[in-house]
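Let me begin by presenting the structure, written as structure tokens, before commenting on it.
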Amino acid sequence: MKSNIIGYGSFFHKTDLKKLPAVSNSFLNGHQLFYAGRYAMKYVFDKLIQNHEIVHIWLPQYYCPFVKEWLETAYSNLKYYDIDPFDPYAQIDYSTFSTKDIVLANNYWGLKKNTIPTRARPLIVEDHSHGWLSPGCIESEADLCIASLRKTVPLPLGGIAWKPLKSSLQLSLPQLKSLPNAHEMEVAWKLVDTAMALKANCTTEKDKTQFLEDYGKGEQLLRTTQEIVPLNPDHEKVMAQALCKDYNAYKLKNWDTMQTLLKGNDAFKVLPKAQGTPFGLLLAFKKEDDLKRLKQHLISKTIYPAELWPKNNIHHDYKFLLNIHIDFRYGKADIAYIASAINEWNN
Ligand SMILES: Cc1ncc(COP(=O)(O)O)c(C=O)c1O
């Protein structure tokens with residue numbers, strides 16, 4: 001899919017998904033779709049608050065700064081706990097929380113499996129935004145789970161809340177009431193959908209400026225909208241059809257190819273596949289300056305990686321992550337190009 005104008009990475013262009021094989025959705029014991037992961041999360045927290053006495057909601061310290069900010073405007077009882085985001089085997093010590101708390105466990109980069117204690121424990125919600133359909137997601141035993149879909153699935157917007165098959169929580173996920181009028185999320189969907197279509201056929205810098213602008217406007221609407229709205233039926237249909245496809249087979253194949261090509265570098269460590277499905281090629285850094293310099297080098301080669309996430313302050317040696325996209329958009333020649341760009345970076 002080599003194209004010098006759109007380059008590699010960043011958000012998905014519009015894609016025909018018919019060629020992607022389907023995977024089973026039997027791990028979903030009831031689910032609801034939303035316009036974004038944050039709405040799925042708020043819906044789940046609100047349902048738990050309505051049905052249980054809740055004192056605090058705990059989020060991991062190392063987490064998406066925009067989502068933290070968004071949730072902080074919605075809840076006054078948020079707290080943060082520490083966990084090493086770059087150790088796929090690090091487990092949360094649930095004994096430090098009250099049974100009246102909600103703990104959000106993040107499936108960091110699709111690599112983790114969260115162990116749920118059998119003794120008295122808080123309510124546990126897992127976030128599989130970076131590990132949609134990874135083993136940790138499919139085998140989850142949490143009370144409830146959520147994911148932002150648009151990070152894995154080529155959709156303009158998307159989020160899901162579900163009860164895992166192995167959950168013993170006595171709570172169903174009721175449907176949202178339909179609204180009489182069109183709402184802002186329909187505008188946001190349209191903006192990002194237009195951006196994805198333009199990106200798919202982009203041949204000029206002018207088109208590129210336009211699709212980036214449309215995408216940015218759609219993203220901005222998510223940041224300023226707190227209301228959880230039901231999906232437009234057309235959007236719901238598109239989302240449902242795209243939900244359970246084997247996106248991860250491509251990542252795993254590309255990840256293996258990448259390992260055969262990549263040289264070691266003192267500036268970063270490559271996070272292992274461990275027991276999961278890596279969200280991308282995950283490079284963890286001790287020094288932010290090293291990350292910034294490699295990122296700039298890659299951008300000069302039209303490779304646009306994601307920083308996950310700046311502005312987090314954690315007490316671990318590795319503190320910064322660069323994700324390089326290796327999803328279904330890319331094949332062997334693309335991976336070879338990306339690997340050689342990383343290898344030639346002289347830190
Ligand atoms: C781990 C994680 N969870 C949830 C979200 C929220 O997803 P959305 O942007 O779809 O609201 C994000 C967003 O970046 C995220 O990184």
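Ordering of the structure tokens sets the chain letters (A, B, ...), residue numbers begin anew at 1 in every chain, and ligands are numbered from 1 in the order given.
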
Within 9 Å of ligand 1, counting only C-alpha atoms and all ligand atoms, residues as JSON, numbers by chain: {"A": [34, 35, 36, 37, 38, 39, 40, 41, 63, 64, 65, 66, 67, 106, 107, 108, 109, 127, 128, 129, 130, 146, 147, 148, 149, 150, 151, 157, 158, 159, 219, 222, 223, 308, 309]}

Give me every helix (DSSP H, G or I) residue in range 79-285 of chain A, going by DSSP on the backbone, as an MDAnalysis selection string. chainID A and resid 94:96 108:110 135:138 184:200 205:224 233:242 247:261

Residue nearest Glu186 in chain A among A:Arg329, A:His235, A:His31, A:Arg119 (counting only C-alpha atoms):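 Result for the nearest residue to Glu186 in chain A: A:His235.
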
Please extract the residues of range 169-312 of chain A with a backbone DSSP assignment of strand (DSSP E) and present them as a PyMOL selection string. chain A and resi 268-270+281-285+303-304+306-307

Write out as JSON, numbers by chain the residues lying within 12 Å of Asp16 in chain A, counting only C-alpha atoms and excluding same-chain residues fewer than 4 positions away. {"A": [12, 20, 153, 154, 155, 196, 197, 200, 238, 241, 242, 328, 329]}

Could you write those residues out with C-alpha atoms, as an mmCIF file, in the first residue's frame?
data_model
loop_
_atom_site.group_PDB
_atom_site.id
_atom_site.type_symbol
_atom_site.label_atom_id
_atom_site.label_comp_id
_atom_site.auth_asym_id
_atom_site.auth_seq_id
_atom_site.Cartn_x
_atom_site.Cartn_y
_atom_site.Cartn_z
ATOM 1 C CA PHE A 12 -7.184 4.345 8.854
ATOM 2 C CA LEU A 20 -10.943 -10.024 6.025
ATOM 3 C CA VAL A 153 -11.225 -1.422 13.293
ATOM 4 C CA PRO A 154 -11.259 0.934 10.273
ATOM 5 C CA LEU A 155 -14.364 2.835 11.379
ATOM 6 C CA MET A 196 -11.070 8.340 5.595
ATOM 7 C CA ALA A 197 -12.519 8.327 2.060
ATOM 8 C CA ALA A 200 -8.001 6.316 0.554
ATOM 9 C CA VAL A 238 -21.495 -0.477 9.580
ATOM 10 C CA GLN A 241 -20.343 -5.679 10.312
ATOM 11 C CA ALA A 242 -16.770 -4.570 10.980
ATOM 12 C CA PHE A 328 -3.698 -5.063 8.008
ATOM 13 C CA ARG A 329 -2.867 -2.063 5.779
#
